[in-house]
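Notes for the one structure printed next.
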Amino acid sequence: MRIILASASARRKNILTQLGVNFDVIPSDREIKMEGTPSEVVEELSSIKAEDVASRVTEDDVLIIAADTVVTDGRKIFGKPQDTTEAKFMLQSLQNHTHQVRTGVTMILRRGANRETITFTETTDVTVRPMTDEEIDWYVSTGESMDKAGAYAIQGKFGPFIRSIAGDYYNVVGFPIGSIYHKLKRVGVDLLINK
């Protein structure tokens with residue numbers, strides 16, 4: 001079975017590579033402003049990306065995996081910041097309390113004439129320590145904020161500012177591999193054994 005990651009995200013590629021999964025990358029650049037609850041937004045965006053890639057792939061034995069991650073503070077959704085001013089605003093909003101990271105995942109599985117679509121949301125609570133303006137300025141100056149939902153990377157230089165997480169660490173990175181693996185196993189696809 002050909003496995004396709006519908007994302008150019010280095011973090012998502014690294015997670016699959018670390019597991020020894022053989023896969024191709026066909027990114028979708030579909031980024032559409034959506035309305036709805038945070039879970040509805042990430043599920044719809046991941047679905048749009050997966051369908052975009054599925055429309056360009058002709059194989060009958062293929063698995064396409066797409067994901068979209070946002071940070072939410074209540075009902076406010078933080079995607080990737082547009083500039084350093086927005087990144088600083090996001091970090092100021094998130095510091096000193098708990099927020100949620102939501103990743104919507106859509107997997108399209110084609111086996112012969114059969115097609116199955118699995119879509120779900122994974123949510124992780126993240127508590128950020130208090131940050132001074134100088135710490136926020138320093139972190140944004142590293143450049144790490146600019147392509148990350150919520151303007152931070154838990155696996156990078158932001159680590160010292162994390163107090164705790166409740167839920168899947170890999171979800172905060174942007175790819176909840178545990179849920180992906182087990183949902184695929186339920187439909188007869190084992191990413192690890194049947195490489």
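The way I read the labels, and the way they are meant: chains A, B, ... in the order of the structure tokens, residue 1 as the first residue of every chain, and ligand 1 as the first ligand shown, with later ones counted on from there.
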
Considering only C-alpha atoms, give me a table of residues in region 64-140 of chain A that are at most 10 Å from region 186-189 of chain A, with the closest atom pair and distance in Å for each, as a tab-separated table.
residue	atom	partner	partner_atom	distance
A:Leu109	CA	A:Val189	CA	9.3
A:Glu116	CA	A:Val187	CA	9.1
A:Ile118	CA	A:Val187	CA	9.7

Any idea what's packed within 7 Å of region 78-93 of chain A, counting only C-alpha atoms, ignoring anything in its chain fewer than 2 positions away? Could you give it as a ChimeraX atom specification?
/A:70-72,76,95,136,140,145-151

Considering only C-alpha atoms, can you say which of A:Leu184, A:Val57, A:Val126, A:Ile48 comes closest to Asn171 (chain A)?
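Of A:Leu184, A:Val57, A:Val126, A:Ile48, the one nearest Asn171 (chain A) is A:Val126, counting only C-alpha atoms.
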
Using DSSP assignments from the backbone, pull out every residue in region 58-103 of chain A that falls under strand (DSSP E or B) and give it to me as number ranges by chain.
A: 61-73, 76-78, 98-103

C-alpha atoms of the current selection, written as a PDB file, in the first residue's frame:
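Saved file part-v2.pdb follows:
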ATOM      1  CA  ASP A  61      -4.186   0.739  -2.958  1.00  0.00           C
ATOM      2  CA  VAL A  62      -3.358   3.966  -1.138  1.00  0.00           C
ATOM      3  CA  LEU A  63      -3.614   5.673   2.245  1.00  0.00           C
ATOM      4  CA  ILE A  64      -3.644   9.480   2.369  1.00  0.00           C
ATOM      5  CA  ILE A  65      -3.111  11.208   5.712  1.00  0.00           C
ATOM      6  CA  ALA A  66      -3.794  14.928   6.178  1.00  0.00           C
ATOM      7  CA  ALA A  67      -3.726  17.000   9.351  1.00  0.00           C
ATOM      8  CA  ASP A  68      -4.377  20.549  10.471  1.00  0.00           C
ATOM      9  CA  THR A  69      -3.498  21.973  13.895  1.00  0.00           C
ATOM     10  CA  VAL A  70      -4.750  25.037  15.747  1.00  0.00           C
ATOM     11  CA  VAL A  71      -4.275  26.410  19.230  1.00  0.00           C
ATOM     12  CA  THR A  72      -7.420  27.530  21.006  1.00  0.00           C
ATOM     13  CA  ASP A  73      -7.948  29.777  23.969  1.00  0.00           C
ATOM     14  CA  LYS A  76     -10.544  31.909  19.989  1.00  0.00           C
ATOM     15  CA  ILE A  77      -8.507  30.105  17.331  1.00  0.00           C
ATOM     16  CA  PHE A  78      -4.814  30.787  16.849  1.00  0.00           C
ATOM     17  CA  THR A  98      -3.962  26.527  30.067  1.00  0.00           C
ATOM     18  CA  HIS A  99      -5.020  26.358  26.433  1.00  0.00           C
ATOM     19  CA  GLN A 100      -5.914  23.574  24.013  1.00  0.00           C
ATOM     20  CA  VAL A 101      -4.111  22.265  20.958  1.00  0.00           C
ATOM     21  CA  ARG A 102      -6.458  20.618  18.470  1.00  0.00           C
ATOM     22  CA  THR A 103      -5.378  18.595  15.466  1.00  0.00           C
TER      23      THR A 103
END

Return the single residue from A:Thr132, A:Arg75, A:Thr123, A:Asp190 that is closest to Gly36 (chain A), with distances computed using only C-alpha atoms.
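Using only C-alpha atoms, the shortest distance to Gly36 (chain A) belongs to A:Arg75.
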
Would you please extract all alpha helix (DSSP H) residues from region 7-189 of chain A, as assigned by DSSP on the backbone, and give them as a ChimeraX atom specification?
/A:10-18,38-54,84-94,133-141,169-173,177-186
